[in-house]
$ cat model.tsv   # TSV, C-alpha atoms
chain	number	residue	atom	x	y	z
A	135	MET	CA	-7.36	-28.48	-99.43
A	136	THR	CA	-8.75	-27.79	-96.03
A	137	GLU	CA	-12.34	-27.19	-95.39
A	138	PRO	CA	-13.35	-23.89	-93.77
A	139	ARG	CA	-14.42	-24.05	-90.14
A	140	PRO	CA	-18.11	-23.93	-89.55
A	141	ARG	CA	-19.03	-20.46	-88.47
A	142	ARG	CA	-20.17	-20.11	-84.79
A	143	THR	CA	-23.67	-19.03	-84.26
A	144	ARG	CA	-23.73	-15.60	-82.68
A	145	LEU	CA	-26.17	-14.86	-79.85
A	146	SER	CA	-28.85	-12.52	-80.65
A	147	LYS	CA	-28.72	-9.10	-78.99
A	148	ARG	CA	-31.74	-9.94	-76.95
A	149	ALA	CA	-30.19	-13.17	-75.57
A	150	LEU	CA	-26.93	-11.39	-74.79
A	151	ARG	CA	-28.79	-8.66	-72.87
A	152	LEU	CA	-30.66	-11.34	-70.93
A	153	TRP	CA	-27.44	-13.10	-69.91
A	154	ALA	CA	-25.92	-9.78	-68.86
A	155	TRP	CA	-28.88	-9.06	-66.61
A	156	VAL	CA	-28.67	-12.50	-65.02
A	157	ALA	CA	-24.91	-12.22	-64.38
A	158	GLY	CA	-25.22	-8.71	-62.95
A	159	GLY	CA	-28.09	-9.74	-60.69
A	160	LEU	CA	-26.14	-12.71	-59.36
A	161	ALA	CA	-23.09	-10.54	-58.70
A	162	PHE	CA	-25.26	-8.03	-56.89
A	163	LEU	CA	-26.90	-10.65	-54.70
A	164	SER	CA	-23.78	-12.69	-53.94
A	165	PRO	CA	-22.76	-10.79	-50.69
A	166	TRP	CA	-26.21	-11.33	-49.21
A	167	ALA	CA	-26.08	-14.94	-50.21
A	168	ALA	CA	-22.69	-15.33	-48.54
A	169	LEU	CA	-24.04	-13.78	-45.37
A	170	ALA	CA	-27.13	-15.93	-45.39
A	171	LEU	CA	-25.12	-19.09	-45.88
A	172	SER	CA	-22.50	-18.37	-43.23
A	173	PRO	CA	-23.01	-20.05	-39.81
A	174	LYS	CA	-25.03	-18.02	-37.35
A	175	PRO	CA	-23.54	-16.97	-33.96
A	176	ALA	CA	-24.51	-18.95	-30.90
A	177	ALA	CA	-27.89	-18.08	-29.51
A	178	GLN	CA	-26.48	-17.02	-26.12
A	179	ALA	CA	-24.11	-14.58	-27.72
A	180	ALA	CA	-26.89	-13.18	-29.85
A	181	GLN	CA	-28.82	-12.10	-26.76
A	182	ALA	CA	-28.48	-8.71	-25.14
A	183	PRO	CA	-25.05	-8.22	-23.55
A	184	SER	CA	-25.01	-9.48	-19.99
A	185	GLU	CA	-23.39	-7.66	-17.01
A	186	ARG	CA	-19.63	-7.70	-17.36
A	187	PRO	CA	-17.65	-9.45	-14.67
A	188	VAL	CA	-15.75	-6.93	-12.52
A	189	ILE	CA	-12.09	-7.61	-12.07
A	190	ILE	CA	-10.60	-5.84	-9.11
A	191	VAL	CA	-6.94	-5.32	-9.52
A	192	ARG	CA	-5.16	-4.53	-6.31
A	193	ARG	CA	-1.59	-3.44	-6.45
A	194	ILE	CA	0.27	-4.91	-3.52
A	195	THR	CA	3.77	-3.63	-3.56
A	196	ARG	CA	4.72	-4.37	-0.02
A	197	ARG	CA	4.52	-7.18	2.44
A	198	VAL	CA	2.95	-6.11	5.69
A	199	ILE	CA	4.48	-7.60	8.78
A	200	VAL	CA	2.82	-7.16	12.12
A	201	GLN	CA	5.59	-7.22	14.65
A	202	ASP	CA	5.09	-9.40	17.69
A	203	ALA	CA	6.91	-6.87	19.78
A	204	PRO	CA	6.34	-5.65	23.30
A	205	ARG	CA	3.97	-2.93	22.28
A	206	PRO	CA	3.61	0.22	24.29
A	207	SER	CA	-0.01	0.68	25.24
A	208	ALA	CA	-1.46	2.93	22.58
A	209	PRO	CA	-5.11	2.01	22.20
A	210	GLN	CA	-5.67	5.42	20.65
A	211	ILE	CA	-4.34	4.18	17.34
A	212	ARG	CA	-5.22	1.10	15.30
A	213	TYR	CA	-4.07	-0.27	11.95
A	214	VAL	CA	-6.91	-0.22	9.42
A	215	SER	CA	-5.77	-1.22	5.95
A	216	SER	CA	-2.95	-1.37	3.44
A	217	GLY	CA	-2.69	-0.08	-0.07
A	218	SER	CA	-4.47	2.58	-1.99
A	219	SER	CA	-8.23	2.76	-1.54
A	220	SER	CA	-8.55	4.14	-5.03
A	221	SER	CA	-7.06	1.05	-6.69
A	222	ALA	CA	-9.41	-1.36	-4.98
A	223	GLY	CA	-12.34	-0.30	-7.11
A	224	SER	CA	-14.63	-0.17	-4.12
A	225	ALA	CA	-16.24	2.84	-2.57
A	226	VAL	CA	-13.97	3.50	0.40
A	227	ALA	CA	-14.59	6.67	2.30
A	228	PRO	CA	-11.83	9.23	1.94
A	229	PRO	CA	-9.58	9.60	4.95
A	230	THR	CA	-10.02	12.58	7.21
A	231	THR	CA	-6.50	13.68	6.42
A	232	THR	CA	-3.10	12.36	5.38
A	233	THR	CA	0.29	12.06	6.98
A	234	SER	CA	3.50	12.11	4.97
A	235	GLY	CA	7.13	12.96	5.40
A	236	SER	CA	7.09	16.74	5.40
A	237	HIS	CA	6.38	17.27	1.75
A	238	PRO	CA	6.56	20.96	1.04
B	25	MET	CA	-20.88	12.18	8.65
B	26	ASP	CA	-20.76	15.43	6.67
B	27	ALA	CA	-17.43	16.56	5.31
B	28	PRO	CA	-15.45	18.35	8.01
B	29	ARG	CA	-14.74	22.05	7.76
B	30	ARG	CA	-11.29	22.83	6.38
B	31	HIS	CA	-9.03	25.84	6.19
B	32	THR	CA	-5.64	25.56	4.47
B	33	PHE	CA	-2.72	27.96	4.27
B	34	ARG	CA	1.07	27.83	3.88
B	35	SER	CA	3.57	28.31	6.67
B	36	MET	CA	6.97	26.91	7.69
B	37	GLY	CA	7.54	25.81	4.09
B	38	THR	CA	4.60	23.44	4.08
B	39	SER	CA	0.82	23.27	3.75
B	40	VAL	CA	-1.12	23.63	7.00
B	41	SER	CA	-4.75	22.57	7.46
B	42	LEU	CA	-7.26	23.15	10.20
B	43	ILE	CA	-9.96	20.46	10.11
B	44	ALA	CA	-13.01	20.74	12.37
B	45	ASP	CA	-16.44	19.36	13.14
B	46	PRO	CA	-18.82	20.11	10.21
B	47	ARG	CA	-21.40	21.42	12.71
B	48	THR	CA	-19.07	24.20	13.83
B	49	PRO	CA	-20.72	27.62	13.29
B	50	PRO	CA	-18.94	29.48	10.45
B	51	GLY	CA	-18.00	32.41	12.70
B	52	ALA	CA	-16.32	30.20	15.28
B	53	PHE	CA	-14.47	28.29	12.58
B	54	GLU	CA	-13.18	31.50	10.97
B	55	ARG	CA	-11.95	32.77	14.34
B	56	ALA	CA	-10.26	29.45	15.02
B	57	ALA	CA	-8.60	29.52	11.58
B	58	ARG	CA	-7.29	33.04	12.25
B	59	ARG	CA	-5.85	31.96	15.59
B	60	VAL	CA	-4.16	28.95	14.03
B	61	GLU	CA	-2.56	31.16	11.38
B	62	LEU	CA	-1.40	33.61	14.05
B	63	VAL	CA	0.21	30.81	16.04
B	64	PHE	CA	2.13	29.64	12.97
B	65	THR	CA	3.24	33.17	12.11
B	66	ARG	CA	4.47	33.74	15.69
B	67	GLU	CA	6.33	30.43	15.98
B	68	ASP	CA	7.86	30.75	12.51
B	69	LEU	CA	9.30	34.09	13.60
B	70	ARG	CA	10.71	32.33	16.66
B	71	PHE	CA	12.15	29.15	15.14
B	72	SER	CA	12.87	29.67	11.42
B	73	ARG	CA	16.53	29.36	10.49
B	74	PHE	CA	15.81	30.91	7.10
B	75	ARG	CA	14.75	34.29	8.51
B	76	GLY	CA	17.33	36.85	9.47
B	77	ASP	CA	14.95	38.29	12.05
B	78	SER	CA	14.08	35.06	13.88
B	79	GLU	CA	14.98	34.37	17.48
B	80	LEU	CA	16.79	31.19	16.40
B	81	THR	CA	19.01	33.13	13.98
B	82	ARG	CA	19.87	35.59	16.77
B	83	VAL	CA	20.73	32.80	19.23
B	84	ASN	CA	22.88	30.96	16.63
B	85	ALA	CA	24.69	34.20	15.77
B	86	ARG	CA	25.57	34.69	19.45
B	87	ALA	CA	27.17	31.26	19.96
B	88	GLY	CA	29.71	31.45	22.76
B	89	ARG	CA	27.79	34.16	24.63
B	90	TRP	CA	24.84	34.05	26.99
B	91	THR	CA	21.61	35.07	25.21
B	92	LYS	CA	18.21	35.82	26.71
B	93	VAL	CA	15.45	33.81	25.02
B	94	SER	CA	11.64	33.80	25.12
B	95	PRO	CA	9.85	31.29	27.39
B	96	GLY	CA	8.68	29.35	24.32
B	97	PHE	CA	12.23	29.08	23.00
B	98	ALA	CA	13.56	27.94	26.37
B	99	THR	CA	10.79	25.34	26.73
B	100	LEU	CA	11.40	23.81	23.30
B	101	LEU	CA	15.17	23.84	23.78
B	102	ALA	CA	14.78	22.06	27.13
B	103	ARG	CA	12.52	19.49	25.55
B	104	SER	CA	14.97	18.95	22.67
B	105	LEU	CA	17.90	18.45	25.04
B	106	GLU	CA	15.88	15.99	27.10
B	107	ALA	CA	14.98	14.07	23.90
B	108	ALA	CA	18.65	14.04	22.86
B	109	ALA	CA	19.62	12.53	26.21
B	110	ARG	CA	16.77	9.99	26.07
B	111	SER	CA	17.67	8.85	22.53
B	112	ASP	CA	21.42	8.67	23.22
B	113	GLY	CA	21.93	11.58	20.86
B	114	LEU	CA	20.02	10.15	17.90
B	115	PHE	CA	17.66	13.09	18.18
B	116	ASP	CA	20.11	15.97	18.00
B	117	PRO	CA	19.14	19.67	17.73
B	118	THR	CA	22.71	20.59	16.78
B	119	VAL	CA	22.92	19.00	13.34
B	120	LEU	CA	22.67	22.39	11.63
B	121	PRO	CA	26.31	22.52	10.40
B	122	SER	CA	25.94	18.99	8.96
B	123	LEU	CA	22.64	19.91	7.37
B	124	ILE	CA	24.20	22.93	5.69
B	125	ALA	CA	27.22	20.85	4.63
B	126	ALA	CA	24.84	18.33	3.06
B	127	GLY	CA	23.35	21.14	0.99
B	128	TYR	CA	20.21	22.19	2.91
B	129	ASP	CA	21.47	25.75	3.14
B	130	ARG	CA	18.34	27.68	2.24
B	131	ASP	CA	14.57	27.49	2.20
B	132	PHE	CA	13.44	24.25	0.59
B	133	ASP	CA	11.52	25.96	-2.21
B	134	GLU	CA	14.79	27.61	-3.31
B	135	LEU	CA	16.74	24.42	-2.76
B	136	ILE	CA	14.72	22.32	-5.18
B	137	ALA	CA	14.95	25.15	-7.69
B	138	GLY	CA	18.66	24.36	-7.80
B	139	ALA	CA	20.04	27.41	-6.01
B	140	ARG	CA	22.28	25.29	-3.77
B	141	ASP	CA	25.89	25.90	-2.90
B	142	ALA	CA	28.47	23.20	-3.52
B	143	LEU	CA	28.49	20.37	-0.97
B	144	HIS	CA	30.96	20.57	1.88
B	145	PRO	CA	32.59	17.82	3.95
B	146	SER	CA	30.36	16.52	6.75
B	147	GLU	CA	30.50	18.25	10.11
B	148	PRO	CA	30.66	16.43	13.44
B	149	CYS	CA	27.46	16.44	15.52
B	150	GLY	CA	26.66	15.51	19.10
B	151	ARG	CA	27.62	18.73	20.86
B	152	TRP	CA	24.10	19.11	22.28
B	153	SER	CA	25.42	18.12	25.72
B	154	GLU	CA	27.61	21.25	25.74
B	155	ILE	CA	24.63	23.61	25.44
B	156	GLU	CA	23.94	25.56	28.62
B	157	LEU	CA	20.38	26.55	29.51
B	158	GLU	CA	19.62	28.40	32.74
B	159	GLY	CA	16.07	29.73	32.98
B	160	ASP	CA	15.67	32.11	30.06
B	161	LEU	CA	19.40	32.28	29.28
B	162	VAL	CA	21.13	30.02	26.78
B	163	ARG	CA	24.75	29.68	25.66
B	164	LEU	CA	25.74	27.63	22.64
B	165	PRO	CA	29.31	26.40	22.27
B	166	ILE	CA	31.24	28.24	19.56
B	167	GLY	CA	30.72	26.48	16.22
B	168	VAL	CA	27.38	24.96	17.25
B	169	GLY	CA	24.10	25.97	15.61
B	170	LEU	CA	20.60	24.95	16.57
B	171	ASP	CA	18.01	23.65	14.14
B	172	PHE	CA	14.80	22.45	15.74
B	173	GLY	CA	13.44	21.32	12.38
B	174	GLY	CA	10.44	19.06	12.76
B	175	ILE	CA	10.10	19.40	16.53
B	176	ALA	CA	9.42	23.14	16.11
B	177	LYS	CA	6.71	22.31	13.63
B	178	GLY	CA	5.24	19.68	15.95
B	179	TRP	CA	5.34	22.11	18.86
B	180	THR	CA	3.57	24.73	16.71
B	181	VAL	CA	0.93	22.18	15.67
B	182	ASP	CA	0.26	21.42	19.35
B	183	LEU	CA	-0.13	25.11	20.21
B	184	ALA	CA	-2.34	25.76	17.16
B	185	ALA	CA	-4.61	22.79	17.88
B	186	HIS	CA	-5.16	24.05	21.44
B	187	ALA	CA	-5.77	27.59	20.17
B	188	ALA	CA	-8.43	26.28	17.77
B	189	ILE	CA	-10.26	24.49	20.57
B	190	GLY	CA	-10.13	27.72	22.57
B	191	GLU	CA	-12.54	29.23	20.03
B	192	GLY	CA	-15.26	26.75	20.99
B	193	LEU	CA	-14.71	23.97	18.42
B	194	SER	CA	-15.87	20.57	19.65
B	195	TRP	CA	-12.83	18.96	18.05
B	196	ALA	CA	-10.02	20.03	15.75
B	197	ILE	CA	-7.16	18.53	13.79
B	198	VAL	CA	-4.20	20.68	12.81
B	199	ASN	CA	-2.07	19.04	10.13
B	200	ALA	CA	1.18	20.69	9.02
B	201	GLY	CA	2.75	18.73	6.18
B	202	GLY	CA	1.80	15.41	7.75
B	203	ASP	CA	2.44	16.24	11.40
B	204	LEU	CA	-0.96	16.35	13.00
B	205	ARG	CA	-2.60	16.76	16.38
B	206	ILE	CA	-6.15	15.99	17.46
B	207	THR	CA	-7.69	18.12	20.22
B	208	GLY	CA	-11.11	18.45	21.82
B	209	THR	CA	-13.66	15.63	21.96
B	210	PRO	CA	-13.49	13.74	18.65
B	211	PRO	CA	-16.13	11.23	17.49
B	212	SER	CA	-15.86	7.94	19.40
B	213	GLU	CA	-14.69	6.09	16.30
B	214	GLY	CA	-11.83	8.55	15.82
B	215	PHE	CA	-10.46	9.51	12.42
B	216	GLU	CA	-9.04	7.52	9.56
B	217	ILE	CA	-5.64	8.90	8.62
B	218	ALA	CA	-4.00	7.85	5.36
B	219	ILE	CA	-0.24	7.30	5.30
B	220	ASP	CA	1.45	8.41	2.10
B	221	ASP	CA	3.68	6.07	0.11
B	222	PRO	CA	7.23	7.39	0.57
B	223	GLU	CA	8.09	6.37	-2.98
B	224	ALA	CA	4.89	7.66	-4.59
B	225	PRO	CA	3.77	10.86	-2.88
B	226	GLY	CA	0.02	11.31	-3.03
B	227	GLU	CA	-0.63	7.56	-3.04
B	228	GLU	CA	-1.92	5.91	0.08
B	229	ILE	CA	0.14	3.05	1.47
B	230	ALA	CA	-1.84	2.34	4.64
B	231	ARG	CA	-4.53	3.69	6.92
B	232	VAL	CA	-4.68	4.00	10.66
B	233	ARG	CA	-7.54	5.02	12.91
B	234	VAL	CA	-6.61	7.53	15.56
B	235	ALA	CA	-8.86	8.50	18.44
B	236	ARG	CA	-6.70	11.14	20.06
B	237	GLY	CA	-3.13	12.36	20.38
B	238	ALA	CA	-0.80	13.07	17.50
B	239	LEU	CA	0.82	11.46	14.51
B	240	ALA	CA	4.08	12.44	12.83
B	241	THR	CA	5.83	11.04	9.79
B	242	SER	CA	9.50	11.35	8.93
B	243	SER	CA	10.79	10.26	5.58
B	244	VAL	CA	14.11	10.26	3.77
B	245	THR	CA	12.35	10.62	0.43
B	246	ALA	CA	10.68	13.91	1.34
B	247	ARG	CA	12.78	17.06	1.28
B	248	ALA	CA	15.45	15.33	-0.76
B	249	TRP	CA	17.52	17.24	-3.30
B	250	GLY	CA	19.64	14.51	-4.84
B	251	PRO	CA	20.63	10.85	-4.50
B	252	GLY	CA	21.29	10.21	-0.82
B	253	LEU	CA	20.80	13.89	-0.02
B	254	HIS	CA	17.94	14.63	2.34
B	255	HIS	CA	17.16	16.60	5.46
B	256	LEU	CA	17.52	13.82	8.04
B	257	ILE	CA	21.07	13.88	9.32
B	258	ASP	CA	22.42	10.89	11.23
B	259	PRO	CA	24.34	12.47	14.12
B	260	ARG	CA	26.62	9.41	14.29
B	261	THR	CA	28.02	10.15	10.84
B	262	GLY	CA	27.08	13.76	10.18
B	263	LEU	CA	25.65	12.59	6.85
B	264	PRO	CA	22.09	12.08	5.59
B	265	ALA	CA	20.71	8.95	7.30
B	266	ASP	CA	20.83	5.56	5.58
B	267	THR	CA	19.37	2.96	7.93
B	268	GLY	CA	17.12	0.97	5.60
B	269	ILE	CA	14.02	2.79	6.85
B	270	LEU	CA	12.40	5.00	4.22
B	271	GLN	CA	9.60	6.35	6.36
B	272	ALA	CA	8.43	6.24	9.96
B	273	THR	CA	4.91	7.17	11.09
B	274	VAL	CA	4.67	7.33	14.85
B	275	TRP	CA	1.95	8.07	17.39
B	276	ALA	CA	2.41	10.06	20.62
B	277	GLU	CA	0.33	12.16	22.99
B	278	THR	CA	1.70	15.39	21.49
B	279	CYS	CA	2.90	16.27	18.03
B	280	ALA	CA	6.27	17.51	19.30
B	281	GLU	CA	6.85	14.13	20.95
B	282	ALA	CA	5.62	12.27	17.85
B	283	GLU	CA	8.17	14.22	15.79
B	284	ILE	CA	10.97	13.26	18.15
B	285	ARG	CA	9.98	9.60	18.05
B	286	ALA	CA	9.54	9.56	14.25
B	287	LYS	CA	13.07	10.88	13.75
B	288	TRP	CA	14.41	8.51	16.35
B	289	ALA	CA	12.64	5.62	14.57
B	290	LEU	CA	14.08	6.58	11.22
B	291	LEU	CA	17.59	6.64	12.64
B	292	SER	CA	17.26	3.51	14.80
B	293	GLY	CA	15.82	1.00	12.36
B	294	SER	CA	13.04	-1.51	12.98
B	295	SER	CA	14.07	-2.29	16.57
B	296	ILE	CA	12.45	1.01	17.55
B	297	LEU	CA	9.06	-0.76	17.38
B	298	ASP	CA	9.92	-2.14	20.83
B	299	HIS	CA	9.55	1.41	22.11
B	300	VAL	CA	7.12	3.35	19.93
B	301	SER	CA	3.77	2.69	18.24
B	302	GLY	CA	3.74	3.14	14.52
B	303	VAL	CA	4.28	2.03	10.95
B	304	LEU	CA	7.70	1.76	9.29
B	305	VAL	CA	8.36	1.41	5.56
B	306	THR	CA	11.67	-0.22	4.67
B	307	ASP	CA	13.73	0.10	1.51
B	308	ASP	CA	13.40	-3.64	0.79
B	309	GLY	CA	9.64	-3.52	0.28
B	310	ARG	CA	8.32	-4.27	3.74
B	311	MET	CA	5.92	-2.36	5.93
B	312	LEU	CA	6.37	-3.04	9.63
B	313	THR	CA	3.84	-2.19	12.29
B	314	ASN	CA	3.20	-3.02	15.91
B	315	LEU	CA	-0.26	-1.48	15.97
B	316	ASP	CA	-3.32	-3.50	16.81
B	317	ALA	CA	-4.42	-4.90	13.46
B	318	SER	CA	-7.14	-7.26	14.78
B	319	SER	CA	-10.29	-7.39	12.67
B	320	SER	CA	-8.60	-5.40	9.99
B	321	GLU	CA	-7.21	-6.28	6.61
B	322	VAL	CA	-3.53	-7.08	6.36
B	323	PRO	CA	-2.78	-8.47	2.90
B	324	ALA	CA	0.18	-10.82	2.61
$ encode --input "model.tsv" --output "structure tokens"
Amino acid sequence: MTEPRPRRTRLSKRALRLWAWVAGGLAFLSPWAALALSPKPAAQAAQAPSERPVIIVRRITRRVIVQDAPRPSAPQIRYVSSGSSSSAGSAVAPPTTTTSGSHP
Amino acid sequence: MDAPRRHTFRSMGTSVSLIADPRTPPGAFERAARRVELVFTREDLRFSRFRGDSELTRVNARAGRWTKVSPGFATLLARSLEAAARSDGLFDPTVLPSLIAAGYDRDFDELIAGARDALHPSEPCGRWSEIELEGDLVRLPIGVGLDFGGIAKGWTVDLAAHAAIGEGLSWAIVNAGGDLRITGTPPSEGFEIAIDDPEAPGEEIARVRVARGALATSSVTARAWGPGLHHLIDPRTGLPADTGILQATVWAETCAEAEIRAKWALLSGSSILDHVSGVLVTDDGRMLTNLDASSSEVPA
């Protein structure tokens, strides 16, 4: 004949409520705890953002070749620059006007 | 320097601008603008091949017979024939039949809208030497038609720029679709002129500084209506030019002369830089110039 198991002692209602409060409080605080325990960012990065470096992208699509040719004397005209002034990112004065191949 | 005064209108199938000293009194500028417009209206009536009432249409219709022409017409025809002789026929005012055969048979605005007749076989060119001009009388050989094209525009720009100065402007630039002339007494540093990218219209490919004279640009990518179809006929073949040069920007004392040289450059290839001052853009990605580039940026 087997002996009956000893009956487990049940927690009192008061103790159970206390454990519930403790578990709930820990669950509520756990995100803050995780944040507090995580490594902090480097001090330099935590400072106010510094001035961003400017990257000037210049699209060079063509190779410019200055011909060493017997040049007719035309001091009235001089080569100034290549490429689009707008892509250089600098404040280049607009040209007085533009020449193109008879666009309508 | 303050922004220059500008007045823009359309004529000869392109946009025309009068640019003047910002200190010009408004009244003088308005008078100059009116005179410039009048010059364009008058010369368009003389040289347009798209108008039934133009002097050019009348002369072409009377090929084979002597026709009396205006002094302006005779002067420009003489200059065109002289340029044809000087360029060994590369500049040819008689490419009209080839131009029509290639499809440029109506005003460009209609052409790009698709209202073009079917293409025809190419027509022979080079009959400019058969044109007779005696004073104010001209006789075209039968089957030959004149088309002054860009030189008429350059000539008109020259006349308009002088007319503007006649109204008391200290300096003026007249720019008709990229063919421009400077008159008067410009600032000592001259003007910066941007050259358009032939493959990306509206984008600058280079800049030059011009103190006086004129600048003209010819391109095979402008006024094109299909692959290999454009308005610059090579008189040697009677077909649209294909010389490896996409665009030629050339300086000369007058705009009419700059137009002649720009066309000549486009048809000759890069060797033309032995004879003219300018900037060429090739179809293999090079930009060739013989201009003084000292103390200026030339990226590799």
$ interface_residues --input "model.tsv" --of "chain B" --to "chain A" --cutoff "6 Å" --atoms "all atoms listed in the file" --output "ChimeraX atom specification"
/B:37-38,201-202,216-220,228-236,241-243,246,298,309-317,320-321,324
$ write_last_selection --input "model.tsv" --atoms "C-alpha atoms" --output "short mmCIF file (atom, residue, chain, number, x, y, z; two decimals), keeping the file's coordinate frame"
data_model
loop_
_atom_site.label_atom_id
_atom_site.label_comp_id
_atom_site.auth_asym_id
_atom_site.auth_seq_id
_atom_site.Cartn_x
_atom_site.Cartn_y
_atom_site.Cartn_z
CA GLY B 37 7.54 25.81 4.09
CA THR B 38 4.60 23.44 4.08
CA GLY B 201 2.75 18.73 6.18
CA GLY B 202 1.80 15.41 7.75
CA GLU B 216 -9.04 7.52 9.56
CA ILE B 217 -5.64 8.90 8.62
CA ALA B 218 -4.00 7.85 5.36
CA ILE B 219 -0.24 7.30 5.30
CA ASP B 220 1.45 8.41 2.10
CA GLU B 228 -1.92 5.91 0.08
CA ILE B 229 0.14 3.05 1.47
CA ALA B 230 -1.84 2.34 4.64
CA ARG B 231 -4.53 3.69 6.92
CA VAL B 232 -4.68 4.00 10.66
CA ARG B 233 -7.54 5.02 12.91
CA VAL B 234 -6.61 7.53 15.56
CA ALA B 235 -8.86 8.50 18.44
CA ARG B 236 -6.70 11.14 20.06
CA THR B 241 5.83 11.04 9.79
CA SER B 242 9.50 11.35 8.93
CA SER B 243 10.79 10.26 5.58
CA ALA B 246 10.68 13.91 1.34
CA ASP B 298 9.92 -2.14 20.83
CA GLY B 309 9.64 -3.52 0.28
CA ARG B 310 8.32 -4.27 3.74
CA MET B 311 5.92 -2.36 5.93
CA LEU B 312 6.37 -3.04 9.63
CA THR B 313 3.84 -2.19 12.29
CA ASN B 314 3.20 -3.02 15.91
CA LEU B 315 -0.26 -1.48 15.97
CA ASP B 316 -3.32 -3.50 16.81
CA ALA B 317 -4.42 -4.90 13.46
CA SER B 320 -8.60 -5.40 9.99
CA GLU B 321 -7.21 -6.28 6.61
CA ALA B 324 0.18 -10.82 2.61
#
$ atom_distance --input "model.tsv" --atom1 "CA of Leu105 (chain B)" --atom2 "CA of Ser39 (chain B)"
27.7 Å
$ atom_distance --input "model.tsv" --atom1 "CA of Arg285 (chain B)" --atom2 "CA of Leu69 (chain B)"
24.9 Å
$ atom_distance --input "model.tsv" --atom1 "CA of Gly237 (chain B)" --atom2 "CA of Glu67 (chain B)"
20.9 Å
$ closest_residue --input "model.tsv" --among "B:Ile175, B:Ala85, B:Ala98, B:Ala187" --to "Phe53 (chain B)" --atoms "all atoms listed in the file"
B:Ala187
$ axis_aligned_box --input "model.tsv" --around "region 263-280 of chain B" --padding-each-side "5 Å" --output "lines of an AutoDock Vina configuration file"
center_x = 13.0
center_y = 9.2
center_z = 13.6
size_x = 35.3
size_y = 26.5
size_z = 28.8
$ residues_around --input "model.tsv" --residues "Thr81 (chain B)" --least-positions-apart "3" --cutoff "9 Å" --atoms "all atoms listed in the file" --output "ChimeraX atom specification"
/B:70-78,84-86,169-170
$ closest_atom_pairs --input "model.tsv" --of "region 30-51 of chain B" --to "region 188-200 of chain B" --cutoff "6 Å" --atoms "only C-alpha atoms" --output "tab-separated table"
residue	atom	partner	partner_atom	distance
B:Ser39	CA	B:Ala200	CA	5.9
B:Val40	CA	B:Ala200	CA	4.2
B:Ser41	CA	B:Asn199	CA	5.2
B:Leu42	CA	B:Val198	CA	4.7
B:Ile43	CA	B:Ile197	CA	5.0
B:Ala44	CA	B:Ala196	CA	4.6
$ closest_residue --input "model.tsv" --among "B:Ser111, B:Ser301, B:Thr245, B:Ser104" --to "Ala176 (chain B)" --atoms "all atoms listed in the file"
B:Ser104
$ residues_around --input "model.tsv" --residues "Ala238 (chain B)" --least-positions-apart "6" --cutoff "10 Å" --atoms "all atoms listed in the file" --output "list in words"
Gln210 and Ile211 of chain A; Gly178, Val181, Asp182, Ile197, Val198, Asn199, Asp203, Leu204, Arg205, Ile206, Thr207, Val274, Trp275, Ala276, Glu277, Thr278, Cys279, Ala280, Glu281, Ala282 and Glu283 of chain B
$ residues_around --input "model.tsv" --residues "Glu106 (chain B)" --least-positions-apart "5" --cutoff "12 Å" --atoms "all atoms listed in the file" --output "list of chain:residue names"
B:Thr99, B:Leu100, B:Leu101, B:Ser111, B:Asp112, B:Gly113, B:Leu114, B:Phe115, B:Asp116, B:Pro117, B:Trp152, B:Ser153, B:Ile155, B:Leu157, B:Glu281, B:Ile284
